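Dropping target-v7.pdb in here (PDB, C-alpha atoms):
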```pdb
ATOM      1  CA  MET A  25      34.974 -51.310  52.444
ATOM      2  CA  ARG A  26      31.505 -52.142  51.097
ATOM      3  CA  PRO A  27      30.305 -53.735  54.359
ATOM      4  CA  LEU A  28      31.342 -50.587  56.213
ATOM      5  CA  ILE A  29      29.346 -48.405  53.813
ATOM      6  CA  ALA A  30      26.352 -50.716  54.071
ATOM      7  CA  LEU A  31      26.428 -50.407  57.858
ATOM      8  CA  ALA A  32      27.004 -46.656  57.946
ATOM      9  CA  LEU A  33      24.439 -45.642  55.312
ATOM     10  CA  PRO A  34      21.291 -46.318  57.396
ATOM     11  CA  ALA A  35      22.739 -44.354  60.310
ATOM     12  CA  LEU A  36      23.588 -41.433  58.055
ATOM     13  CA  LEU A  37      20.133 -41.411  56.472
ATOM     14  CA  ALA A  38      18.438 -41.527  59.868
ATOM     15  CA  ALA A  39      20.272 -38.348  60.846
ATOM     16  CA  CYS A  40      19.322 -36.483  57.641
ATOM     17  CA  ALA A  41      16.957 -33.549  57.801
ATOM     18  CA  GLY A  42      13.407 -34.667  57.165
ATOM     19  CA  SER A  43      14.049 -38.264  58.244
ATOM     20  CA  PRO A  44      11.616 -39.806  60.752
ATOM     21  CA  ASN A  45      14.236 -39.742  63.510
ATOM     22  CA  SER A  46      15.221 -36.171  62.741
ATOM     23  CA  LEU A  47      11.622 -34.945  62.740
ATOM     24  CA  ALA A  48      10.918 -36.820  65.978
ATOM     25  CA  ARG A  49      13.522 -34.686  67.752
ATOM     26  CA  GLY A  50      11.094 -31.800  67.354
ATOM     27  CA  ASN A  51      13.150 -28.977  65.807
ATOM     28  CA  PRO A  52      10.364 -26.421  65.147
ATOM     29  CA  ALA A  53      11.934 -25.046  61.945
ATOM     30  CA  GLU A  54      12.420 -28.527  60.531
ATOM     31  CA  LEU A  55       8.862 -29.537  61.426
ATOM     32  CA  ARG A  56       7.433 -26.429  59.731
ATOM     33  CA  ALA A  57       9.539 -27.069  56.609
ATOM     34  CA  ALA A  58       8.544 -30.752  56.314
ATOM     35  CA  THR A  59       5.971 -31.808  53.754
ATOM     36  CA  LEU A  60       2.757 -33.464  54.876
ATOM     37  CA  GLU A  61       4.032 -36.763  53.438
ATOM     38  CA  GLN A  62       7.269 -36.473  55.458
ATOM     39  CA  LEU A  63       5.337 -35.719  58.641
ATOM     40  CA  CYS A  64       2.947 -38.627  58.108
ATOM     41  CA  PHE A  65       5.794 -41.028  57.362
ATOM     42  CA  ALA A  66       7.630 -39.845  60.474
ATOM     43  CA  TYR A  67       4.499 -40.219  62.613
ATOM     44  CA  SER A  68       3.798 -43.709  61.256
ATOM     45  CA  PHE A  69       7.419 -44.616  61.987
ATOM     46  CA  ASN A  70       7.706 -43.478  65.611
ATOM     47  CA  ARG A  71       4.489 -41.734  66.825
ATOM     48  CA  ALA A  72       6.538 -38.766  68.106
ATOM     49  CA  GLU A  73       4.556 -36.133  69.998
ATOM     50  CA  ALA A  74       6.430 -33.301  68.249
ATOM     51  CA  VAL A  75       5.298 -34.611  64.868
ATOM     52  CA  ARG A  76       1.731 -35.029  66.109
ATOM     53  CA  GLY A  77       1.817 -31.443  67.363
ATOM     54  CA  GLU A  78       2.832 -30.175  63.926
ATOM     55  CA  LEU A  79       0.109 -32.235  62.238
ATOM     56  CA  GLU A  80      -2.419 -30.771  64.680
ATOM     57  CA  ARG A  81      -1.077 -27.227  64.143
ATOM     58  CA  ARG A  82      -1.644 -27.670  60.401
ATOM     59  CA  GLU A  83      -5.064 -29.271  60.983
ATOM     60  CA  ALA A  84      -3.883 -31.917  58.512
ATOM     61  CA  LEU A  85      -6.022 -34.771  59.852
ATOM     62  CA  SER A  86      -9.713 -35.087  60.609
ATOM     63  CA  ALA A  87     -11.194 -36.036  63.981
ATOM     64  CA  LEU A  88     -11.971 -39.468  62.506
ATOM     65  CA  ASP A  89      -8.339 -39.834  61.437
ATOM     66  CA  TRP A  90      -7.111 -39.110  64.981
ATOM     67  CA  GLN A  91      -9.429 -41.820  66.353
ATOM     68  CA  HIS A  92      -7.495 -44.456  64.366
ATOM     69  CA  VAL A  93      -4.045 -43.090  63.460
ATOM     70  CA  PRO A  94      -2.348 -43.528  66.876
ATOM     71  CA  ALA A  95      -3.187 -47.256  66.809
ATOM     72  CA  GLY A  96      -2.045 -47.663  63.194
ATOM     73  CA  ARG A  97      -5.559 -48.577  62.010
ATOM     74  CA  VAL A  98      -7.559 -47.629  58.932
ATOM     75  CA  ALA A  99     -11.302 -46.912  58.866
ATOM     76  CA  ILE A 100     -13.819 -46.028  56.205
ATOM     77  CA  GLY A 101     -14.072 -42.253  55.826
ATOM     78  CA  MET A 102     -10.460 -41.517  56.826
ATOM     79  CA  THR A 103      -8.507 -39.072  54.672
ATOM     80  CA  GLU A 104      -5.535 -40.107  52.544
ATOM     81  CA  PRO A 105      -3.123 -38.205  54.833
ATOM     82  CA  GLY A 106      -4.701 -40.051  57.771
ATOM     83  CA  VAL A 107      -3.941 -43.383  56.112
ATOM     84  CA  MET A 108      -0.343 -42.302  55.507
ATOM     85  CA  CYS A 109       0.032 -41.277  59.149
ATOM     86  CA  ALA A 110      -1.435 -44.610  60.277
ATOM     87  CA  LEU A 111       0.381 -46.975  57.903
ATOM     88  CA  GLY A 112       3.177 -44.969  56.277
ATOM     89  CA  THR A 113       3.800 -44.396  52.596
ATOM     90  CA  PRO A 114       2.311 -47.142  50.410
ATOM     91  CA  THR A 115       4.709 -49.196  48.316
ATOM     92  CA  THR A 116       2.368 -48.860  45.331
ATOM     93  CA  ILE A 117      -0.573 -46.653  44.390
ATOM     94  CA  ASN A 118      -2.728 -48.086  41.612
ATOM     95  CA  ARG A 119      -5.162 -45.706  39.933
ATOM     96  CA  THR A 120      -8.401 -46.617  38.155
ATOM     97  CA  ALA A 121     -10.373 -44.121  36.086
ATOM     98  CA  THR A 122     -13.771 -44.815  34.512
ATOM     99  CA  ARG A 123     -16.748 -42.784  33.396
ATOM    100  CA  GLY A 124     -18.082 -43.189  36.907
ATOM    101  CA  GLY A 125     -15.072 -41.669  38.638
ATOM    102  CA  ALA A 126     -11.504 -42.277  39.740
ATOM    103  CA  TRP A 127     -10.269 -44.547  42.527
ATOM    104  CA  LYS A 128      -6.943 -45.392  44.084
ATOM    105  CA  GLN A 129      -5.705 -48.617  45.586
ATOM    106  CA  TRP A 130      -2.892 -48.172  48.111
ATOM    107  CA  VAL A 131      -0.798 -51.293  48.686
ATOM    108  CA  TYR A 132       1.009 -52.032  51.962
ATOM    109  CA  PRO A 133       2.922 -55.341  52.192
ATOM    110  CA  ARG A 134       3.180 -56.334  55.863
ATOM    111  CA  GLY A 135       5.194 -59.466  56.520
ATOM    112  CA  GLY A 136       3.226 -62.378  55.102
ATOM    113  CA  ARG A 137       0.104 -60.346  54.260
ATOM    114  CA  THR A 138      -0.827 -57.295  52.244
ATOM    115  CA  ILE A 139      -3.160 -54.459  53.233
ATOM    116  CA  TYR A 140      -5.132 -52.810  50.410
ATOM    117  CA  VAL A 141      -6.744 -49.416  51.019
ATOM    118  CA  TYR A 142      -9.204 -48.035  48.459
ATOM    119  CA  THR A 143      -9.902 -44.303  48.220
ATOM    120  CA  GLU A 144     -12.159 -42.049  46.209
ATOM    121  CA  ASP A 145     -11.991 -38.248  46.340
ATOM    122  CA  GLY A 146      -9.311 -38.454  49.030
ATOM    123  CA  LYS A 147     -11.328 -40.611  51.470
ATOM    124  CA  VAL A 148     -11.184 -44.301  52.321
ATOM    125  CA  THR A 149     -14.111 -46.196  50.810
ATOM    126  CA  SER A 150     -12.941 -49.713  51.728
ATOM    127  CA  TRP A 151      -9.918 -51.705  52.811
ATOM    128  CA  GLN A 152      -8.850 -55.323  53.104
ATOM    129  CA  ASP A 153      -6.058 -57.285  54.705
TER     130      ASP A 153
END
```
This structure in C-alpha cells:
Amino acid sequence: MRPLIALALPALLAACAGSPNSLARGNPAELRAATLEQLCFAYSFNRAEAVRGELERREALSALDWQHVPAGRVAIGMTEPGVMCALGTPTTINRTATRGGAWKQWVYPRGGRTIYVYTEDGKVTSWQD
C-alpha cells in the first residue's frame, strides 16, 4: 500500500490548484488568485507563457529581470521576485542585520554545486556558484 501512495502522491500534488503544472494550464481565475511566489515558482519550473503573461500583467518583474529570467540566470540589480522566477524558491534564506543595513543570502543547491544569491533592499548585490 505504501508504494502505491508514494507513486500517487506526486501526481495528485501536480494536479492541485496553485501547483506549477496547474498554473501552466493558464486558467485565468487561478492565475489571478496565485501569489507572486507561486507564479515565480511555476515559471521557474516550466516557463509557461500563461504564467509569464500573468507576471507581465502584474508588472511583477523589471526589464532587467526579463533579460535574464527566461534563461534561468541571475544578474546584479535583479529584483528578488526576478531571482525566484529564474531559479525557483530558495531552500534557505539567511538574514544578516548590522548597523550598516540588512542583507539576505538565498541558497540554491544544484546537483553537485550551490548557488548563493545576495540581496539588499530587494535587489541582487552579488551572487556566486
Report summary line: Residue with the minimum atom-to-atom distance to A:Pro44, picked from A:Ser150, A:Thr143, A:Asn70, A:Asn118 with all atoms listed in the file counted, is A:Asn70
Requested in this report: Counting all atoms listed in the file, find the residues whose atoms lie at most 10 Å from (5.2, -35.0, 56.2) (file coordinates) and write them out as a PyMOL selection string.
Outcome: chain A and resi 42-44+47+55-67+75+78-79+84+105+108-109
Query raised in the report: Could you name the residues that touch A:Gly96 at 6 Å or less, counting only C-alpha atoms, but leaving out those on the same chain fewer than 3 positions away, as a PyMOL selection string?
Result: chain A and resi 93+110-111
Query - Pick from A:Lys147, A:Arg82, A:Ala74, A:Pro114 nearest to A:Val131, counting all atoms listed in the file - result: A:Pro114
As lines of an AutoDock Vina configuration file: centre and edge lengths in Å, one decimal, of the axis-aligned box holding stretch 117-125 of chain A with 3 Å per side:
```
center_x = -9.3
center_y = -44.9
center_z = 38.9
size_x = 23.5
size_y = 12.4
size_z = 17.0
```
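Of note, atom CA of A:Val148 and atom CA of A:Ile100 are spaced 5.0 Å apart.
Across the structure, atom CA of A:Ser68 and atom CA of A:Trp127 are spaced 23.4 Å apart.
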